[in-house]
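Undergrad: Encoded as structure tokens, here's the structure I'll be asking about.
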Amino acid sequence: MPARAHPSLARCWQLAADAAVPRSPPGAAPDSPRGSASRIIATVQTGRRWRERPAAAALGIVLDRALGEPPAQIHPVAWFGRTMTLAERAGYRDTRTAGAIHAALGAALGVGAGAALRSTTAATALATAGRSLGTAALGVAEVLDRGDLAGARARLPALVGRDPAGLGAAEIARAVVESVAENTVDAVVAPAFWAACCGAPGALGYRAVNTMDSMVGHRSARYRRYGWASARLDDVAGYVPARLTAALTAAARPSRGGAIWRAVRTQAPGHPSPNAGVAEAAFAAALGLRLGGRNSYDGRAEVRAALGDGRPARAADIPRAVRLSRDVSLLLAGLLAAAAPGSAGPAAGARR
């Protein structure tokens with residue numbers, strides 16, 4: 001869901017990448033005493049960067065909120081998608097083994113790209129898509145407000161994989177709210193979580209895993225076996241971030257904390273996804289809505305358990321869901337920044 005990029009975005013990412021690379025003293029040969037000293041300094045700096053990854057991930061979230069994603073033509077995730085499409089064409093077999101090779105290749109490409117980039121801030125900004133998520137959701141709400149169901153259905157595939165044909169306004173609103181909830185995990189919390197834990201390789205490695213799941217992790221005849229490994233890998237990678245999202249949702253809407261806890265504990269297990277159900281249940285309870293119901297995917301119907309005990313979603317609930325997603329994102333950024341060593345003391349600035 002690419003958004004219009006700010007002209008200074010590339011420069012911001014370049015500065016972040018430059019700041020992440022340790023510099024050896026000028027003229028220090030690799031085998032000289034000064035070269036050895038520079039390696040020791042670089043090792044210390046690496047340790048500091050490991051401890052400072054949460055703050056770098058927080059900055060990446062803020063950059064995404066402020067600047068959005070780069071255009072699709074140059075977005076690394078779009079290039080990754082094209083690469084994996086070619087890999088599928090070359091290696092597709094209707095077996096789990098072939099799918100496992102596909103998943104391993106994609107994960108390795110993501111982790112390798114992060115290792116090459118070396119900037120946790122830049123990688124997080126690339127891997128998160130909170131602003132684009134909100135823009136796409138509000139675009140559907142705007143069209144719904146005008147009563148243009150055909151226009152809303154045309155915009156829906158940018159957010160969800162279900163069949164939009166024949167959906168009424170309430171079903172479109174439900175689909176968008178569910179997508180905002182699920183993608184708050186996939187497009188914000190999870191990449192930032194893995195960035196804070198593993199740096200740039202974690203951020204882009206996760207984004208690669210999640211992208212593969214969206215491409216091949218389906219229950220269709222073609223992907224039931226081939227996409228199995230990608231889907232399970234995404235389930236594992238998103239397990240902790242989904243539950244972190246539920247906790248952040250409760251923190252962002254404390255008056256609904258009890259309802260959120262009950263929905264996550266008792267209703268989320270009825271969802272076919274171990275992670276999407278947690279986020280959707282938390283959002284449903286936080287917003288006082290009832291999500292779930294009948295969805296159609298490629299002509300195949302699924303009836304999903306109800307999530308939340310409120311009323312059905314309406315178009316006016318889409319902006320509410322977007323605000324909740326934004327609040328969760330900014331709360332996460334604040335917590336990550338606060339977790340950085342020395343963030344509350346004057347010495348923190350001296351290390352930057």
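Here's how to read the names in the structure tokens: chain A, B, ... by the order shown, residue numbers from 1 in each chain, ligand numbers from 1 in the order shown.
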Which neighbours of Gly217 (chain A) fall inside 8 Å, counting only C-alpha atoms, when residues of the same chain fewer than 3 positions from it are skipped, and could you give them as a list of chain:residue names?
TA: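 Once the nearby chain positions are removed, what remains is A:Met212, A:Asp213, A:Ser214, A:Tyr223, A:Arg224, A:Gly227, A:Trp228, A:Ala229, A:Ser230, A:Ala231.
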Undergrad: Okay, now the selection with C-alpha atoms, as an mmCIF file, in the first residue's frame?
TA:
data_model
loop_
_atom_site.group_PDB
_atom_site.id
_atom_site.type_symbol
_atom_site.label_atom_id
_atom_site.label_comp_id
_atom_site.auth_asym_id
_atom_site.auth_seq_id
_atom_site.Cartn_x
_atom_site.Cartn_y
_atom_site.Cartn_z
ATOM 1 C CA MET A 212 5.664 -14.289 1.154
ATOM 2 C CA ASP A 213 2.680 -15.201 3.312
ATOM 3 C CA SER A 214 0.536 -12.650 1.483
ATOM 4 C CA TYR A 223 -0.840 -23.013 -2.553
ATOM 5 C CA ARG A 224 -2.227 -25.443 0.021
ATOM 6 C CA GLY A 227 2.507 -22.022 0.607
ATOM 7 C CA TRP A 228 2.414 -24.057 3.817
ATOM 8 C CA ALA A 229 5.969 -23.231 4.925
ATOM 9 C CA SER A 230 5.571 -19.499 4.230
ATOM 10 C CA ALA A 231 2.303 -19.396 6.181
#
Undergrad: Would you pick out the contacts of Thr121 (chain A) at 7 Å or less, using only C-alpha atoms, so that residues sharing its chain but fewer than 3 positions from it are not included, and give the list as a ChimeraX atom specification?
TA: /A:16,56-57,59-60,124-125
Undergrad: Taking the chain letters and numbering used in this document, name the residues of region 144-293 of chain A that DSSP puts in alpha helix (DSSP H), as a VMD selection string.
TA: chain A and resid 144 to 145 149 to 155 169 to 184 190 to 216 223 to 226 228 to 252 257 to 266 276 to 287
Undergrad: Please tabulate, as a tab-separated table, the residues of region 139-219 of chain A that come within 12 Å of region 80-93 of chain A, each with its closest pair of atoms and the distance in Å to one decimal, counting only C-alpha atoms and ordering rows by chain, then residue number upward.
TA:
residue	atom	partner	partner_atom	distance
A:Leu204	CA	A:Phe80	CA	10.4
A:Gly205	CA	A:Phe80	CA	11.2
A:Arg207	CA	A:Phe80	CA	9.8
A:Ala208	CA	A:Phe80	CA	7.5
A:Val209	CA	A:Phe80	CA	10.7
A:Asn210	CA	A:Gly81	CA	10.9
A:Thr211	CA	A:Gly81	CA	7.2
A:Met212	CA	A:Met84	CA	7.8
A:Asp213	CA	A:Gly81	CA	11.1
A:Ser214	CA	A:Gly81	CA	10.0
A:Met215	CA	A:Gly81	CA	8.1
A:Val216	CA	A:Glu88	CA	9.2
Undergrad: Closest to Gly299 (chain A) among A:Pro164, A:Pro269, A:Gly134, A:Pro274, using only C-alpha atoms?
TA: A:Pro164
Undergrad: Fewer than 6 positions away in the same chain doesn't count, so skip those; otherwise give me all residues within 12 Å of Arg253 (chain A), counting only C-alpha atoms, as an mmCIF file with C-alpha atoms, in the first residue's frame.
TA:
data_model
loop_
_atom_site.group_PDB
_atom_site.id
_atom_site.type_symbol
_atom_site.label_atom_id
_atom_site.label_comp_id
_atom_site.auth_asym_id
_atom_site.auth_seq_id
_atom_site.Cartn_x
_atom_site.Cartn_y
_atom_site.Cartn_z
ATOM 1 C CA ALA A 246 -3.294 -6.624 22.034
ATOM 2 C CA ALA A 247 -1.473 -5.348 25.131
ATOM 3 C CA ALA A 259 -13.253 -6.248 27.444
ATOM 4 C CA ILE A 260 -10.084 -6.527 25.356
ATOM 5 C CA TRP A 261 -8.642 -9.177 27.667
ATOM 6 C CA ALA A 282 -8.534 -6.639 20.623
ATOM 7 C CA PHE A 283 -9.648 -3.970 18.156
ATOM 8 C CA ALA A 284 -13.262 -5.175 18.196
ATOM 9 C CA ALA A 285 -13.418 -4.919 21.968
ATOM 10 C CA ALA A 286 -11.571 -1.598 22.059
ATOM 11 C CA LEU A 287 -13.960 -0.069 19.519
ATOM 12 C CA GLY A 288 -17.124 -1.651 20.914
ATOM 13 C CA ARG A 320 -11.765 5.217 14.681
ATOM 14 C CA ALA A 321 -9.834 2.070 13.818
ATOM 15 C CA ARG A 323 -6.779 6.375 15.074
ATOM 16 C CA LEU A 324 -6.441 3.346 17.318
ATOM 17 C CA SER A 325 -3.800 1.865 15.020
ATOM 18 C CA ASP A 327 -2.113 5.353 18.858
ATOM 19 C CA VAL A 328 -0.785 1.800 19.155
ATOM 20 C CA LEU A 331 2.758 4.104 22.013
#
Undergrad: Just give me the gap between CA of Asn183 (chain A) and CA of Asn275 (chain A) in Å, one decimal is fine.
TA: 10.6 Å
Undergrad: Which one is closest to Ala129 (chain A): A:Leu67, A:Leu167, A:Ala250, A:Ala340? Count only C-alpha atoms.
TA: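 Going through A:Leu67, A:Leu167, A:Ala250, A:Ala340 one by one, the smallest distance to Ala129 (chain A) is for A:Leu67.
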Undergrad: Could you state the separation of CA of Ala306 (chain A) and CA of Gly151 (chain A) in Å, given to one decimal place?
TA: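 Distance reported for this atom pair: 27.2 Å.
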Undergrad: Fewer than 6 positions away in the same chain doesn't count, so skip those; otherwise give me all residues within 9 Å of Pro201 (chain A), counting only C-alpha atoms, as number ranges by chain.
TA: A: 110-118, 120, 123, 194-195
Undergrad: Tell me, as a ChimeraX atom specification, which residues lie within 10 Å of Ala313 (chain A), counting only C-alpha atoms; anything in the same chain fewer than 5 positions away does not count.
TA: /A:169-178,284,287-291,318
Undergrad: Can you write just those residues out, N, CA and C atoms, as a compact mmCIF listing (two decimals), in the first residue's frame?
TA:
# COMPACT_ATOMS: atom_id res chain seq x y z
N ALA A 169 -22.27 -2.01 2.39
CA ALA A 169 -21.48 -1.02 3.11
C ALA A 169 -20.99 -1.56 4.45
N ALA A 170 -21.86 -2.27 5.17
CA ALA A 170 -21.46 -2.79 6.48
C ALA A 170 -20.36 -3.83 6.36
N GLU A 171 -20.45 -4.70 5.35
CA GLU A 171 -19.43 -5.73 5.17
C GLU A 171 -18.11 -5.12 4.72
N ILE A 172 -18.18 -4.08 3.90
CA ILE A 172 -16.95 -3.39 3.49
C ILE A 172 -16.31 -2.73 4.71
N ALA A 173 -17.12 -2.08 5.53
CA ALA A 173 -16.59 -1.44 6.74
C ALA A 173 -15.95 -2.47 7.66
N ARG A 174 -16.60 -3.61 7.83
CA ARG A 174 -16.02 -4.67 8.67
C ARG A 174 -14.70 -5.15 8.10
N ALA A 175 -14.64 -5.35 6.79
CA ALA A 175 -13.41 -5.81 6.17
C ALA A 175 -12.26 -4.83 6.41
N VAL A 176 -12.55 -3.53 6.31
CA VAL A 176 -11.50 -2.53 6.49
C VAL A 176 -11.03 -2.49 7.94
N VAL A 177 -11.96 -2.52 8.88
CA VAL A 177 -11.57 -2.50 10.29
C VAL A 177 -10.74 -3.74 10.64
N GLU A 178 -11.16 -4.90 10.14
CA GLU A 178 -10.38 -6.12 10.38
C GLU A 178 -8.99 -6.01 9.77
N ALA A 284 -11.81 -5.11 18.08
CA ALA A 284 -13.26 -5.18 18.20
C ALA A 284 -13.71 -4.74 19.59
N LEU A 287 -13.07 -0.96 20.26
CA LEU A 287 -13.96 -0.07 19.52
C LEU A 287 -15.44 -0.33 19.81
N GLY A 288 -15.74 -1.34 20.62
CA GLY A 288 -17.12 -1.65 20.91
C GLY A 288 -17.87 -2.22 19.72
N LEU A 289 -17.18 -3.05 18.92
CA LEU A 289 -17.77 -3.59 17.70
C LEU A 289 -17.86 -5.11 17.76
N ARG A 290 -18.55 -5.67 16.78
CA ARG A 290 -18.56 -7.11 16.57
C ARG A 290 -18.01 -7.37 15.17
N LEU A 291 -16.89 -8.03 15.10
CA LEU A 291 -16.27 -8.39 13.83
C LEU A 291 -16.47 -9.88 13.58
N ILE A 318 -14.30 3.24 10.59
CA ILE A 318 -12.99 3.11 9.94
C ILE A 318 -12.01 4.16 10.46
Undergrad: Find the residues around region 188-193 of chain A up to 7 Å (only C-alpha atoms counted), leave out those fewer than 2 positions away in its own chain, and share them as an MDAnalysis selection string.
TA: chainID A and resid 57 124 127:130 184:186 195:197 203 206:207 238 241 245 329
